[in-house]
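Everything below concerns the one structure shown next.
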Amino acid sequence: VTTDVGTNLAAVTAKIAEATRAAGRASGSTTLVAVSKQQPDDRIDAALAAGQRVFGENRVQEAQGRWTERRAAKPDLHLRLIGPLQSNKARDAVALFDAIDSVDRESLASALADAVQRVGRHPQFLVQINTGEEPQKAGVAPRDADAFLGRLDRTFGLRIAGVMCIPPVGEPAGPHFALLAAIARRNGLDVISMGMSEDFELAIRFGATHVRVGSGVFGTRLPR
Ligand SMILES: *Cc1c(COP(=O)(O)O)cnc(C)c1O
């Protein structure tokens, strides 16, 4: 990782293209989500200047501050919420984001369904799966995933496009990526969001359609 965002973006993009090709997948079938949380404005603007348009944020308020004006200037921007969402922020999230990757409970699904009606936008929704079954981590347990996915559609009318996971720190990520891909496949879901700076190439090998790369693009994050 260099201090030049454009250089980093070019390097990550080249690695994504190579890993996608090596996995026998169509070129362009893996999307880079540049995770801009806790990054200074000059780095965000450098990424925009380099042509990056898909960004990930993990807090609604921080994202509103950073993106409301920039989005008005760049209609092709695509913003993804990749962090936990409180039900009382569902409306703000639906109004700002093009995708919400962290649907993980029925109360939130209900709030999102309500927000979709009121706001009149239907972002892409992913269900977060807690593949490592870590108590402190958000997400649906793998064994509950199929039933949960079925209920979101039947009970709340939410269209779910795919799944997302954050594997446990300090464990090989491969088995978690394989598990997430299997859940997507058997539920007929197209979108698989997995892989971060350290392991996005491995994630692509296991079928990631979206990789979320923060420090590998922007460098070290600022403390909150
Ligand atoms: C911060 C974050 C990332 C990016 O992490 P890096 O290691 O900086 O690439 C990816 N996914 C989620 C959910 C995050 O919160």
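Convention: chains lettered A, B, ... in structure tokens order; per-chain residue numbering from 1; ligands numbered from 1 as shown.
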
Query raised in the report: Within 10 Å of range 150-161 of chain A, counting only C-alpha atoms, which residues qualify if same-chain residues fewer than 5 places away don't, as a VMD selection string?
Result: chain A and resid 99 101 103 105 to 106 109 to 114 116 122 to 127 145 184 187 to 192

Requested in this report: Find the residues near Val140 in chain A: any atom within 10 Å, counting only C-alpha atoms, skip ones fewer than 5 places away on the same chain, and give them as number ranges by chain.
Outcome: A: 102-105, 127-131, 133, 145-146, 148-149, 165

Picked from range 39-147 of chain A by DSSP as helix (DSSP H, G or I), as a CSV table (one decimal) with C-alpha atoms, in the first residue's frame:
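Dumped to states.csv:
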chain,number,residue,atom,x,y,z
A,41,ASP,CA,-11.6,13.8,2.6
A,42,ASP,CA,-8.5,14.2,0.3
A,43,ARG,CA,-8.2,10.4,-0.1
A,44,ILE,CA,-11.9,10.1,-0.9
A,45,ASP,CA,-11.6,12.7,-3.5
A,46,ALA,CA,-8.5,11.1,-4.9
A,47,ALA,CA,-10.4,7.8,-5.3
A,48,LEU,CA,-13.3,9.7,-7.1
A,49,ALA,CA,-10.8,11.4,-9.4
A,60,VAL,CA,-25.1,6.0,8.6
A,61,GLN,CA,-24.3,9.4,10.1
A,62,GLU,CA,-20.6,9.4,9.0
A,63,ALA,CA,-21.7,8.4,5.5
A,64,GLN,CA,-24.4,11.2,5.4
A,65,GLY,CA,-21.7,13.8,6.3
A,66,ARG,CA,-19.3,12.5,3.7
A,67,TRP,CA,-21.5,11.6,0.8
A,68,THR,CA,-24.6,13.8,0.7
A,69,GLU,CA,-23.0,16.6,-1.3
A,70,ARG,CA,-20.5,14.4,-3.2
A,71,ARG,CA,-23.4,12.2,-4.4
A,72,ALA,CA,-25.3,15.2,-5.8
A,73,ALA,CA,-22.2,15.9,-7.9
A,87,SER,CA,-33.8,0.0,13.2
A,88,ASN,CA,-34.4,3.7,14.0
A,89,LYS,CA,-31.9,4.6,11.3
A,90,ALA,CA,-33.5,2.4,8.6
A,91,ARG,CA,-35.2,5.4,6.9
A,92,ASP,CA,-32.0,7.4,6.7
A,93,ALA,CA,-30.1,4.3,5.4
A,94,VAL,CA,-32.7,3.6,2.7
A,95,ALA,CA,-32.6,7.2,1.6
A,96,LEU,CA,-28.8,7.3,1.3
A,106,GLU,CA,-36.5,-9.6,11.6
A,107,SER,CA,-37.1,-6.3,13.4
A,108,LEU,CA,-34.6,-4.6,11.1
A,109,ALA,CA,-36.2,-6.3,8.0
A,110,SER,CA,-39.5,-4.9,9.1
A,111,ALA,CA,-38.2,-1.4,9.6
A,112,LEU,CA,-36.5,-1.6,6.2
A,113,ALA,CA,-39.7,-2.8,4.5
A,114,ASP,CA,-41.5,0.2,6.0
A,115,ALA,CA,-38.7,2.6,5.0
A,116,VAL,CA,-38.8,1.3,1.4
A,117,GLN,CA,-42.5,2.2,1.2
A,118,ARG,CA,-42.1,5.6,2.8
A,119,VAL,CA,-38.9,6.7,1.0
A,142,PRO,CA,-25.5,-20.4,9.2
A,143,ARG,CA,-28.0,-23.0,10.3
A,144,ASP,CA,-30.8,-20.3,10.4
A,145,ALA,CA,-29.9,-18.7,7.1
A,146,ASP,CA,-32.3,-20.5,4.8
A,147,ALA,CA,-35.3,-20.1,7.0

Query - Contacts of ligand 1, 8 Å or closer, only C-alpha atoms and all ligand atoms, given as a list in words - result: Ala34, Val35, Lys37, Gly56, Glu57, Asn58, Ile82, Gly83, Cys165, Ile166, Met194, Gly195, Met196, Ser197, Glu198, Val211, Arg212, Val213, Gly214, Ser215, Gly216, Val217, Gly219, Thr220 and Arg221 of chain A

What would the file look like if the residues just selected were written as an mmCIF file, in the first residue's frame with N, CA, C and O atoms?
data_model
loop_
_atom_site.group_PDB
_atom_site.id
_atom_site.type_symbol
_atom_site.label_atom_id
_atom_site.label_comp_id
_atom_site.auth_asym_id
_atom_site.auth_seq_id
_atom_site.Cartn_x
_atom_site.Cartn_y
_atom_site.Cartn_z
ATOM 1 N N ALA A 34 -14.796 0.159 -2.350
ATOM 2 C CA ALA A 34 -13.724 0.873 -1.643
ATOM 3 C C ALA A 34 -14.278 1.355 -0.305
ATOM 4 O O ALA A 34 -15.204 2.172 -0.256
ATOM 5 N N VAL A 35 -13.747 0.790 0.777
ATOM 6 C CA VAL A 35 -14.316 1.066 2.108
ATOM 7 C C VAL A 35 -13.700 2.356 2.660
ATOM 8 O O VAL A 35 -12.544 2.391 3.057
ATOM 9 N N LYS A 37 -14.760 4.353 5.218
ATOM 10 C CA LYS A 37 -14.973 4.737 6.626
ATOM 11 C C LYS A 37 -13.677 5.271 7.238
ATOM 12 O O LYS A 37 -12.590 4.745 6.961
ATOM 13 N N GLY A 56 -17.962 1.771 0.351
ATOM 14 C CA GLY A 56 -18.611 1.150 1.507
ATOM 15 C C GLY A 56 -18.382 1.982 2.751
ATOM 16 O O GLY A 56 -17.298 2.533 2.956
ATOM 17 N N GLU A 57 -19.419 2.076 3.565
ATOM 18 C CA GLU A 57 -19.355 2.817 4.824
ATOM 19 C C GLU A 57 -19.987 1.958 5.909
ATOM 20 O O GLU A 57 -20.879 1.163 5.618
ATOM 21 N N ASN A 58 -19.539 2.134 7.171
ATOM 22 C CA ASN A 58 -20.180 1.308 8.186
ATOM 23 C C ASN A 58 -21.015 2.082 9.193
ATOM 24 O O ASN A 58 -21.584 1.477 10.092
ATOM 25 N N ILE A 82 -22.079 -1.309 5.008
ATOM 26 C CA ILE A 82 -21.507 -2.626 5.316
ATOM 27 C C ILE A 82 -21.405 -2.869 6.814
ATOM 28 O O ILE A 82 -20.848 -3.880 7.230
ATOM 29 N N GLY A 83 -21.941 -1.939 7.617
ATOM 30 C CA GLY A 83 -21.875 -2.096 9.072
ATOM 31 C C GLY A 83 -23.255 -2.295 9.660
ATOM 32 O O GLY A 83 -24.259 -2.163 8.956
ATOM 33 N N CYS A 165 -20.418 -11.771 4.613
ATOM 34 C CA CYS A 165 -19.844 -12.248 5.873
ATOM 35 C C CYS A 165 -18.532 -11.537 6.185
ATOM 36 O O CYS A 165 -17.892 -10.960 5.302
ATOM 37 N N ILE A 166 -18.188 -11.566 7.459
ATOM 38 C CA ILE A 166 -16.890 -11.090 7.951
ATOM 39 C C ILE A 166 -16.299 -12.249 8.760
ATOM 40 O O ILE A 166 -16.721 -12.490 9.893
ATOM 41 N N MET A 194 -17.734 -10.695 0.176
ATOM 42 C CA MET A 194 -16.758 -11.233 1.135
ATOM 43 C C MET A 194 -15.353 -10.939 0.642
ATOM 44 O O MET A 194 -15.118 -10.770 -0.550
ATOM 45 N N GLY A 195 -14.414 -10.875 1.603
ATOM 46 C CA GLY A 195 -13.029 -10.561 1.279
ATOM 47 C C GLY A 195 -12.718 -9.111 1.560
ATOM 48 O O GLY A 195 -13.497 -8.221 1.194
ATOM 49 N N MET A 196 -11.597 -8.875 2.265
ATOM 50 C CA MET A 196 -11.156 -7.531 2.611
ATOM 51 C C MET A 196 -9.701 -7.390 2.146
ATOM 52 O O MET A 196 -9.220 -8.200 1.359
ATOM 53 N N SER A 197 -9.003 -6.360 2.630
ATOM 54 C CA SER A 197 -7.657 -6.072 2.103
ATOM 55 C C SER A 197 -6.744 -7.293 2.122
ATOM 56 O O SER A 197 -5.985 -7.519 1.175
ATOM 57 N N GLU A 198 -6.806 -8.077 3.191
ATOM 58 C CA GLU A 198 -5.845 -9.174 3.350
ATOM 59 C C GLU A 198 -6.203 -10.426 2.559
ATOM 60 O O GLU A 198 -5.359 -11.301 2.388
ATOM 61 N N VAL A 211 -15.926 -7.433 -3.284
ATOM 62 C CA VAL A 211 -14.883 -7.460 -2.261
ATOM 63 C C VAL A 211 -14.807 -6.069 -1.631
ATOM 64 O O VAL A 211 -14.950 -5.061 -2.318
ATOM 65 N N ARG A 212 -14.612 -6.041 -0.318
ATOM 66 C CA ARG A 212 -14.646 -4.778 0.430
ATOM 67 C C ARG A 212 -13.232 -4.443 0.900
ATOM 68 O O ARG A 212 -12.733 -5.039 1.854
ATOM 69 N N VAL A 213 -12.605 -3.520 0.222
ATOM 70 C CA VAL A 213 -11.202 -3.224 0.499
ATOM 71 C C VAL A 213 -11.075 -1.789 1.011
ATOM 72 O O VAL A 213 -11.450 -0.847 0.307
ATOM 73 N N GLY A 214 -10.579 -1.648 2.249
ATOM 74 C CA GLY A 214 -10.417 -0.332 2.856
ATOM 75 C C GLY A 214 -8.967 0.108 2.859
ATOM 76 O O GLY A 214 -8.514 0.867 1.993
ATOM 77 N N SER A 215 -8.202 -0.385 3.841
ATOM 78 C CA SER A 215 -6.814 0.070 3.998
ATOM 79 C C SER A 215 -5.969 -0.248 2.769
ATOM 80 O O SER A 215 -5.026 0.484 2.466
ATOM 81 N N GLY A 216 -6.296 -1.291 2.046
ATOM 82 C CA GLY A 216 -5.538 -1.634 0.844
ATOM 83 C C GLY A 216 -5.688 -0.605 -0.271
ATOM 84 O O GLY A 216 -4.876 -0.547 -1.193
ATOM 85 N N VAL A 217 -6.736 0.212 -0.190
ATOM 86 C CA VAL A 217 -6.937 1.285 -1.165
ATOM 87 C C VAL A 217 -6.499 2.633 -0.584
ATOM 88 O O VAL A 217 -5.788 3.400 -1.223
ATOM 89 N N GLY A 219 -5.067 3.290 2.636
ATOM 90 C CA GLY A 219 -4.067 3.357 3.701
ATOM 91 C C GLY A 219 -4.746 3.280 5.066
ATOM 92 O O GLY A 219 -5.960 3.087 5.171
ATOM 93 N N THR A 220 -3.938 3.451 6.093
ATOM 94 C CA THR A 220 -4.413 3.297 7.475
ATOM 95 C C THR A 220 -5.547 4.269 7.787
ATOM 96 O O THR A 220 -5.500 5.434 7.413
ATOM 97 N N ARG A 221 -6.576 3.757 8.485
ATOM 98 C CA ARG A 221 -7.710 4.596 8.867
ATOM 99 C C ARG A 221 -7.342 5.531 10.014
ATOM 100 O O ARG A 221 -6.502 5.204 10.850
#

Report summary line: Shortest contact to His176 in chain A, candidates A:Val33, A:Val12, A:Ala203, A:Ala138, atoms counted only C-alpha atoms, goes to A:Ala203

Requested in this report: May I have the residues within 7 Å of Leu77 in chain A as JSON, numbers by chain, using only C-alpha atoms and disregarding those fewer than 3 positions away in the same chain?
Outcome: {"A": [53, 54, 71, 74]}

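Interatomic distance, CA of Pro223 in chain A against CA of Ala11 in chain A: 25.3 Å.
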
Query - Ile16 in chain A surroundings by only C-alpha atoms, 12 Å radius, close-in-sequence under 3 positions cut, as an MDAnalysis selection string - result: chainID A and resid 9:13 19:23 25:33 195:197 199:205 207:213

Report summary line: re CA of Ala50 in chain A and CA of Ala17 in chain A: distance 16.9 Å
